[in-house]
Structures are given as C-alpha cells and as structure tokens.
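**Student:** First, the structure itself, so that you have it in front of you.
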Amino acid sequence: MKPNRIVTALQLAPASVYYSALFGAPLILLVVYSFYTTENFDFIPQFTLDNYVTAWTSDVYRTYFARTLRISAITALAIAVVGFFYSYVITYTLRAHRAVLYFLVLVSMFGGYLVRIYAWRSIFGAEGIANSALMSTGIISEPLDLLRNGEFAIVVAMINFYLPLGILPIYAAMQNVGPGQIEAAQDLGSSRLGAAGKVVLPLALRGVTVAFVFTFIATAAEWLTPQLLGGTEDQMIGNRIAYQFGAGFDWPLGSALAVTLVVVLALLLGAMFTLVRRWIR
Amino acid sequence: MSHRVIRSGAIAAALTLTTVLAGCSAGGGGGDTPTGSGPIDPTACDGVTLSFIGLDGEQGDQELADWRKEHDMTLQTTSTTDMSQLIAAIKSGQQFDLATMTKDDAQRMIEGGIFQALPTDRLENWADMVPGMAENSNIRDTAGTVFGAPIAWGDGPFVYRPDKAEIVDDRLSILDLTKPEWKNRFVLFNSPGRSFYFIGNALGFDAPYYSPEELEEVAATAKTLVQNAAAFATNYQDATDRMVSGDVDLVINGWQAQVASAEEKGVTLDWGYFDEGRTGWWDAIAIPTTAQNAECAALYIDQMIGVDAQVQIAENLISGVVNTEAIDATAGGPADVYDYEAAVLDPNTEVFGPMIPQEDVPDGVTTYQDWLDAWEQITSGS
C-alpha cells in the first residue's frame with residue numbers, strides 16, 4: 001500500500017471503526033436475529049424464514065405496514081409542501097430576515113422530543129386547548145373527535161417535529177436558484193406563484209425530494225408519537241417492533257419486522273428517485 | 001494485498017464474528033444458590049454488596065436503609081420498568097442478586113429459568129405471610145416450588161372521576177364500557193389480560209380458560225371495547241394524567257395510589273370494582289439464577305417481608321402488606337384502603353387467582369399466546 005493511502009486509511013479508521021461498531025454491527029446482528037426463533041427467552045439459532053413469512057403475509061402486519069406508510073407519506077408530503085413555501089419565503093420574499101427566520105427553524109429542534117409530545121397532548125384531547133377554545137367561543141358544543149387522540153393528532157405532531165428536517169435541505173437547494181431567475185420569469189409574464197412552480201420548484205426539486213425522503217424515513221419508524229397521541233387503533237409498525245423487543249420478547253420477529261420496514265422503504269424510495277430523475281430530465 | 005481483498009476480508013470477519021456472537025447461547029446460569037438449613041445468619045452477610053434489578057421503589061432502598069447500615073451492607077440498584085430488559089440482562093449472564101418478579105410475567109419467567117428457588121423454610125417471616133400470597137400459584141412452578149416473595153399488592157379496581165362519571169355504588173360491568181355512552185371516555189392498558197378475563201366472565205365462560213370458540217367471542221366483544229376507548233394508557237401515571245386533564249373519565253386498570261397522585265393536582269378520583277370480579281396485582285422479589293450472593297439475597301428478602309419493612313413499603317407504594325402482623329399497623333394511613341379479608345386472608349382468594357392462562361393449559365384450551373395473537377388482531381384495526 002502506498003504511504004499516502006496508509007495515511008488516508010489511518011485518518012478514516014476512527015470514523016470507520018465507530019460506524020462499523022455502532023451502526024454496521026448492530027444492523028448485521030439484527031439481520032442475523034431475524035432468522036432465529038426464541039423459546040423460554042433463549043435464542044434458538046436455527047435458520048428459519050418463519051419470521052419473514054409472518055411479516056410479509058400476516059393480515060395484522062400488513063395492516064400495520066399500510067397504516068405506517070400512509071401516515072408517513074401524508075406527513076412527508078405535508079412537510080415537503082410547507083417546507084417549500086417556508087423556504088421560498090425566507091429565501092426570496094423576506095430575504096432581509098432570512099437569518100432570523102432560519103434560526104427560528106433550528107430553535108424549534110432544541111426542545112426535547114418528549115416535552116414536545118406532551119405539549120401536543122395538552123393541545124389535543126377532549127378538554128385540550130383546541131377543543132376548549134372552540135367550545136368556549138361557542139363554535140362547537142361538544143369536543144370534536146378530530147381533535148382527540150387519533151391519526152390527525154399523530155400527523156400534526158409529526159409535522160411539527162420533522163418540519164425542520166424538511167426545511168433545511170429545501171432551503172439549501174434554493175440557494176442555487178438566484179432571485180434573478182424569478183425576476184426573469186416575471187418579466188416574461190409569469191406570476192409570482194407561477195415562477196415558484198415553474199422555475200424554483202424544478203431547480204430545487206432535489207432538495208424537495210431529499211426533504212420528503214428524510215421525513216418519510218424518520219416518521220415510518222415512529223412509535224412514541226402514536227403511543228402517546230394515537231387512539232387504540234392508530235398504532236404504527238414501530239409500536240409492534242418496540243413491543244416485540246419489549247414485553248413480547250420475540251426479538252427475531254421484531255428484527256424481521258425491522259428489516260422488512262427497511263426493505264420496503266428502500267424499494268419505495270428507490271422507485272421515487274427513479275421517477276424524479278426521469279421528470280427532471 | 002489489494003484493497004478489495006482487505007475490504008472483503010474485513011466484511012467477512014465482521015459477519016463471522018457477529019454470527020458467532022449471535023449464535024452463542026447466552027444462558028443465565030452459573031450463579032450462587034443458598035445452601036444449608038435453618039435461619040440465615042445475618043452476620044455472615046456483613047459487608048456484602050447486593051445488586052438489584054427491577055422496579056424502582058421495590059428494592060427496599062429506604063425501608064431497609066437502617067438494617068443495611070447495621071450490617072454494613074450495600075445495595076446497588078438497576079432500575080427498569082421493562083421486564084424484558086430484566087430478562088435479557090439475566091439471560092445474558094449479568095450478575096444480580098435480587099430482581100423484581102411481576103404477577104403477570106411470573107410464570108413465564110419461572111419457566112424460562114430466570115429465577116432460582118426461594119428457600120422459604122429458611123425465611124423467618126415467611127410463616128407470617130398472608131395466605132392469599134403464601135399459597136399463590138403464580139409464585140410457584142408446576143411442582144409447587146416457590147420462586148419469589150410478594151412484597152406489595154393491589155386489588156385491581158377501576159379508577160374514575162366521580163364528578164364526570166355517575167357510577168352507582170362504585171360498581172360497573174365491563175360490558176357497560178362497550179356502549180355508546182362510554183365512547184372516548186376511558187383508557188386501558190395495551191394488554192389483553194384484564195379485558196379478556198372480565199369479558200369472559202361477563203359472557204359466562206370459565207375465565208381465563210377458554211376454548212377457541214369462546215376466545216373468538218371474547219375477542220369480538222373486546223374489539224368493541226377497544227374501539228370505544230379513547231387511547232391506551234402507557235402506565236398508571238399516564239392514566240392519572242389523562243383523568244386529571246379531563247381527557248377521560250375512567251381507567252380500566254387502576255390502582256388506589258392514583259387517587260393520591262390526582263389529589264396532589266387538585267382532582268378527586270375514586271375507585272370501584274367490576275361486576276365480573278377482581279384481578280389483583282402483586283410484585284415480588286426473587287433471586288436470579290445469576291446471583292453471586294444468594295444466601296444474603298434470601299436474608300434480604302426475609303427482611304423485605306418483615307413487619308417493619310412491610311409497613312413502610314405499604315405507605316410508600318400505597319399497596320397492601322403481605323405480613324399478617326403488619327396489617328393493623330397500616331390502619332389510618334394512606335395504605336388503609338384494602339379489604340384484606342376479601343383479598344388476601346383467604347388462601348384461595350379469587351383476587352389473585354390466575355387472570356391469564358398459565359403455562360400448562362389442558363388440550364383444547366387456548367394459551368396466553370393465543371390471547372396475545374387475538375389482541376394483536378384487535379389493536380391492528382384489521
């Protein structure tokens with residue numbers, strides 16, 4: 001090995017070891033476990049595909065996966081849309097204040113995750129802030145089911161949690177789209193909205209795609225938000241994985257569900273990237 | 001040697017190492033077991049350090065502080081509310097001398113070799129244990145050997161807000177909660193035990209031992225119950241918070257301690273019992289198979305079921321005492337909320353009978369795994 005390659009290898013070694021030990025090895029272990037079974041809390045290290053058969057063919061888990069993908073897609077789409085418009089405003093409309101507005105996005109990430117969930121708990125609910133406000137103004141006479149524990153509460157809370165994750169890549173992508181291009185579009189007769197859609201969006205599409213992907217992946221693995229803000233039939237696949245690694249003590253099945261989630265996400269996102277690439281061309 | 005070869009070798013080594021590690025049976029064994037006969041000599045445990053894993057507040061940290069000081073003993077605590085974490089720790093060989101054993105998980109944990117037999121003949125305070133606990137089948141294996149000593153219990157009421165829910169004589173049927181008037185007004189824990197037990201009784205079945213057809217019927221009713229509920233409470237405190245905030249009026253899985261907790265926040269709660277019976281809870285302390293100081297752990301357990309410790313535990317946890325000599329000492333205190341006659345002074349108490357199918361069910365009777373599968377179907381919404 002040439003000396004400069006040795007130096008490069010040594011420089012990369014700490015990060016590589018860290019990554020391998022704390023990410024790679026657990027992931028490999030997860031895959032290995034997924035082919036085992038358990039009996040009386042002991043692993044039976046005999047290769048079996050039963051866990052994957054259960055994960056892919058059970059009506060119960062298909063329902064969980066379908067619900068998870070639906071909720072994640074809605075959340076990611078909402079974040080992409082809101083993120084795009086927010087990024088557009090701070091990049092082009094309120095350009096003079098973009099530093100402060102960008103900082104506000106970052107600040108929202110400083111609060112603890114659990115603290116924010118409990119904040120949303122005080123907003124949703126039969127006598128939460130939302131229902132109480134509407135009832136006190138006479139707009140409604142009884143609490144709205146929509147503002148109780150349920151899928152709507154989960155989606156709204158996750159949009160709040162992951163919006164910064166969506167805004168950052170879109171904002172970064174818009175830095176490559178100068179205001180002059182928008183002015184040129186308007187000079188050629190486009191409206192401001194038209195310029196946003198026909199000029200900025202295509203040029204920042206990679207950022208929008210990344211925002212969607214990041215938030216889709218993050219929300220698909222969620223379990224705490226549905227547990228604390230969801231109803232009794234709003235659990236996501238993350239809840240079942242957490243259960244199998246907890247009270248269920250069926251780590252192999254939990255591992256198979258986790259690997260299945262990764263595979264499903266990879267396939268969906270791969271298809272999405274392909275479509276986006278074709279559209280950009 | 002080329003990069004490709006080095007890289008491939010590294011990946012292969014990682015995979016091999018991981019597979020070997022995963023394939024190694026952890027097995028929790030190799031611990032110490034109490035030997036000898038007769039009462040345990042306390043001086044033999046002077047200076048010993050005992051390690052505990054389990055529910056915080058049930059390790060005798062405060063209750064036995066003076067006793068430990070007297071014997072220069074140290075207690076190291078690993079708190080966990082997750083029994084699977086406890087099981088994994090012991091199965092992977094981690095050394096603990098004492099551990100929590102909960103009623104609903106006891107049989108699986110005993111069957112799974114998590115705990116070792118408790119030498120009850122060497123515990124001086126065992127003779128004073130209330131019959132309903134001392135004779136309880138859940139602390140025993142199928143041969144009748146005892147594996148854990150209960151240290152606290154409750155009689156499993158439902159808890160509710162009397163200012164929002166009119167419940168006559170503190171009695172309710174589980175089937176009432178499936179009616180439209182209770183829609184979104186209660187929470188329950190995400191577990192089939194109590195729901196299936198009460199529903200089975202309500203439908204006239206021999207709970208908790210159901211045939212497949214009976215279980216199907218119980219599950220169908222439970223589905224309506226779950227759909228009617230506002231949410232799953234994650235624990236007693238979460239359920240209390242939801243009632244205090246006014247989101248819900250009742251929790252199916254209740255504990256008298258919730259009343260005190262709500263009172264601190266200015267809300268009055270009350271409790272009652274379902275028409276379909278009572279299903280109590282208990283927490284026990286046991287000796288894991290990985291214990292290194294089993295003899296001293298047994299001595300510690302003897303102290304935990306002694307009168308003084310029991311009175312303090314009951315006050316701290318608002319639970320029932322397990323020592324008959326300690327019952328009168330709780331009178332007038334925060335733990336003076338239990339009907340000992342009904343709950344634990346009868347050796348065949350219904351309150352602490354099996355709420356879920358035990359490990360060895362007869363042919364044709366559904367198992368607890370069948371219950372879990374049915375519950376999973378219900379909660380998936382499919």
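Labels used: A, B, ... for chains in the order of the structure tokens, numbers from 1 for residues in each chain, and numbers from 1 for ligands as shown.
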With 6 Å as the cut-off and only C-alpha atoms counted, what is the closest atom pair between each nearby residue of chain B and chain A? Distances in Å to one decimal, ordered by chain and number, as a Markdown table.
**Tutor:**
```
| residue | atom | partner | partner_atom | distance |
| --- | --- | --- | --- | --- |
| B:Gly23 | CA | A:Pro45 | CA | 5.6 |
| B:Ser84 | CA | A:Gly246 | CA | 5.2 |
| B:Gly112 | CA | A:Asn40 | CA | 4.4 |
| B:Ala230 | CA | A:Gly231 | CA | 5.9 |
| B:Ala231 | CA | A:Gly231 | CA | 4.3 |
| B:Phe232 | CA | A:Thr232 | CA | 5.8 |
| B:Gly246 | CA | A:Glu127 | CA | 5.7 |
| B:Asp247 | CA | A:Ala126 | CA | 4.8 |
| B:Gln377 | CA | A:Val60 | CA | 5.8 |
| B:Thr379 | CA | A:Glu233 | CA | 5.4 |
| B:Ser380 | CA | A:Val60 | CA | 5.9 |
| B:Gly381 | CA | A:Glu233 | CA | 5.3 |
```
**Student:** May I have the selected residues written with C-alpha atoms, as a PDB file, in the first residue's frame?
**Tutor:**
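Dumped everything to again.pdb:
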```pdb
ATOM      1  CA  GLY B  23     -25.316 -17.858  17.922  1.00  0.00           C
ATOM      2  CA  SER B  84     -37.865  -7.776  29.017  1.00  0.00           C
ATOM      3  CA  GLY B 112     -37.720 -19.512  31.407  1.00  0.00           C
ATOM      4  CA  ALA B 230     -60.030   6.908  23.874  1.00  0.00           C
ATOM      5  CA  ALA B 231     -56.482   5.584  23.932  1.00  0.00           C
ATOM      6  CA  PHE B 232     -54.081   3.133  25.521  1.00  0.00           C
ATOM      7  CA  GLY B 246     -60.237  15.763  31.792  1.00  0.00           C
ATOM      8  CA  ASP B 247     -59.498  13.812  28.628  1.00  0.00           C
ATOM      9  CA  GLN B 377     -55.577  -8.619  15.671  1.00  0.00           C
ATOM     10  CA  THR B 379     -55.439  -3.479  18.050  1.00  0.00           C
ATOM     11  CA  SER B 380     -54.262  -3.596  14.435  1.00  0.00           C
ATOM     12  CA  GLY B 381     -57.702  -2.444  13.371  1.00  0.00           C
TER      13      GLY B 381
END
```
**Student:** Using DSSP on the backbone coordinates, identify all residues within stretch 45-141 of chain B classified as strand (DSSP E); present the result as a PDB file with C-alpha atoms, in the first residue's frame.
**Tutor:**
```pdb
ATOM      1  CA  THR B  49     -22.878  -5.821  48.363  1.00  0.00           C
ATOM      2  CA  LEU B  50     -26.146  -6.952  46.820  1.00  0.00           C
ATOM      3  CA  SER B  51     -27.233  -5.934  43.341  1.00  0.00           C
ATOM      4  CA  PHE B  52     -30.877  -5.453  42.407  1.00  0.00           C
ATOM      5  CA  ILE B  53     -32.616  -5.052  39.073  1.00  0.00           C
ATOM      6  CA  GLY B  54     -36.270  -4.183  38.776  1.00  0.00           C
ATOM      7  CA  THR B  74     -24.551  -2.081  50.239  1.00  0.00           C
ATOM      8  CA  LEU B  75     -27.345  -2.230  47.702  1.00  0.00           C
ATOM      9  CA  GLN B  76     -26.676  -1.447  44.059  1.00  0.00           C
ATOM     10  CA  THR B  77     -29.802  -0.752  42.041  1.00  0.00           C
ATOM     11  CA  THR B  78     -30.512  -1.007  38.330  1.00  0.00           C
ATOM     12  CA  SER B  79     -33.983   0.398  37.791  1.00  0.00           C
ATOM     13  CA  LEU B  98     -32.249  -9.647  43.613  1.00  0.00           C
ATOM     14  CA  ALA B  99     -34.855  -8.889  40.976  1.00  0.00           C
ATOM     15  CA  THR B 100     -38.486  -7.910  40.646  1.00  0.00           C
ATOM     16  CA  MET B 101     -40.964 -10.568  39.622  1.00  0.00           C
ATOM     17  CA  THR B 102     -44.352  -9.279  38.487  1.00  0.00           C
ATOM     18  CA  PHE B 115     -35.085 -17.189  38.932  1.00  0.00           C
ATOM     19  CA  GLN B 116     -33.939 -19.830  41.376  1.00  0.00           C
TER      20      GLN B 116
END
```
**Student:** Here is a test: counting only C-alpha atoms, which residue of A:Phe273, A:Phe85, A:Tyr162, A:Phe47 is nearest to A:Ala218?
**Tutor:**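 Checking each of A:Phe273, A:Phe85, A:Tyr162, A:Phe47 against A:Ala218, counting only C-alpha atoms, the winner is A:Tyr162.
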**Student:** Determine, counting only C-alpha atoms, which protein, DNA and RNA residues have an atom within 10 Å of an atom of B:Ala222; residues of the same chain fewer than 3 positions away are not included. Present the result as a ChimeraX atom specification.
**Tutor:** /B:174-175,178,192,195-196,198-200,216-219,225-228,374-375,378-379
**Student:** Could you check which of A:Met135, A:Ala195, A:Ile117, A:Leu106 is closest to A:Val156, using only C-alpha atoms?
**Tutor:**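 Among A:Met135, A:Ala195, A:Ile117, A:Leu106, it is A:Ile117 that comes nearest to A:Val156.
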**Student:** Identify, on the basis of only C-alpha atoms, every residue whose closest approach to B:Asp302 does not exceed 8 Å; exclude the query and any residue fewer than 4 positions from it along the same chain; express the result as JSON, numbers by chain.
**Tutor:** {"B": [123, 124, 125, 126, 298, 306]}
**Student:** Rounded to one decimal place, report the atom CA of B:Gly132-atom CA of B:Glu341 distance in Å.
**Tutor:** 9.8 Å
**Student:** Please give the complete set of residues from stretch 107-167 of chain B that DSSP, run on the backbone, assigns to helix (DSSP H, G or I), formatted as a list in words.
**Tutor:** Gln107, Arg108, Met109, Ile110, Glu111, Thr120, Asp121, Arg122, Trp126, Ala127, Asp128, Pro131, Gly132, Met133, Ala134, Ser137, Asn138 and Ile139 of chain B
**Student:** Grab the residues selected above and save them as a CSV table (one decimal), in the first residue's frame with N, CA and C atoms.
**Tutor:**
```
chain,number,residue,atom,x,y,z
B,107,GLN,N,-45.0,-16.6,35.7
B,107,GLN,CA,-45.0,-18.0,35.2
B,107,GLN,C,-44.0,-18.1,34.1
B,108,ARG,N,-44.0,-17.2,33.2
B,108,ARG,CA,-43.1,-17.2,32.0
B,108,ARG,C,-41.7,-17.1,32.5
B,109,MET,N,-41.4,-16.3,33.5
B,109,MET,CA,-40.1,-16.1,34.0
B,109,MET,C,-39.6,-17.3,34.7
B,110,ILE,N,-40.5,-17.9,35.5
B,110,ILE,CA,-40.1,-19.1,36.2
B,110,ILE,C,-39.8,-20.2,35.2
B,111,GLU,N,-40.7,-20.4,34.2
B,111,GLU,CA,-40.5,-21.4,33.2
B,111,GLU,C,-39.2,-21.1,32.4
B,120,THR,N,-37.9,-20.9,51.3
B,120,THR,CA,-38.9,-20.3,52.2
B,120,THR,C,-38.7,-20.9,53.6
B,121,ASP,N,-38.2,-22.1,53.7
B,121,ASP,CA,-38.1,-22.8,55.1
B,121,ASP,C,-37.0,-22.0,55.9
B,122,ARG,N,-36.2,-21.2,55.2
B,122,ARG,CA,-35.2,-20.5,56.0
B,122,ARG,C,-35.5,-19.0,56.2
B,126,TRP,N,-41.6,-15.8,56.6
B,126,TRP,CA,-42.5,-16.5,55.6
B,126,TRP,C,-43.8,-17.0,56.3
B,127,ALA,N,-43.6,-17.5,57.5
B,127,ALA,CA,-44.8,-18.1,58.2
B,127,ALA,C,-45.9,-17.1,58.5
B,128,ASP,N,-45.5,-15.8,58.5
B,128,ASP,CA,-46.5,-14.7,58.8
B,128,ASP,C,-47.1,-14.2,57.5
B,131,PRO,N,-52.1,-15.7,53.7
B,131,PRO,CA,-52.4,-16.9,53.0
B,131,PRO,C,-52.5,-16.7,51.5
B,132,GLY,N,-53.3,-15.7,51.1
B,132,GLY,CA,-53.5,-15.5,49.7
B,132,GLY,C,-52.2,-15.2,48.9
B,133,MET,N,-51.2,-14.8,49.5
B,133,MET,CA,-49.9,-14.7,48.8
B,133,MET,C,-49.0,-15.9,49.0
B,134,ALA,N,-49.0,-16.4,50.2
B,134,ALA,CA,-48.1,-17.6,50.5
B,134,ALA,C,-48.5,-18.8,49.7
B,137,SER,N,-50.4,-19.6,43.4
B,137,SER,CA,-49.8,-20.5,42.4
B,137,SER,C,-48.9,-19.8,41.5
B,138,ASN,N,-49.0,-18.5,41.3
B,138,ASN,CA,-48.2,-17.8,40.3
B,138,ASN,C,-46.7,-17.6,40.8
B,139,ILE,N,-46.4,-17.8,42.1
B,139,ILE,CA,-45.1,-17.7,42.6
B,139,ILE,C,-44.4,-19.0,42.5
```
**Student:** Could you give me, as a count of residues only, the residues within 10 Å of A:Gln175, counting only C-alpha atoms and dropping anything in the same chain fewer than 4 positions from it?
**Tutor:** 7
**Student:** Mind checking which residues fall within 7 Å of stretch 324-332 of chain B, counting only C-alpha atoms, ignoring those fewer than 5 positions away in the same chain, and posting them as a list in words?
**Tutor:**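 The filter keeps Asp128, Met129, Val130, Val307, Gln310 and Val311 of chain B.
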**Student:** Do a neighbour search on A:Leu193 at 12 Å with only C-alpha atoms, toss out local chain neighbours closer than 3 positions, and write the hits as a ChimeraX atom specification.
**Tutor:** /A:85,88-89,93,182,185-186,189-190,196-201
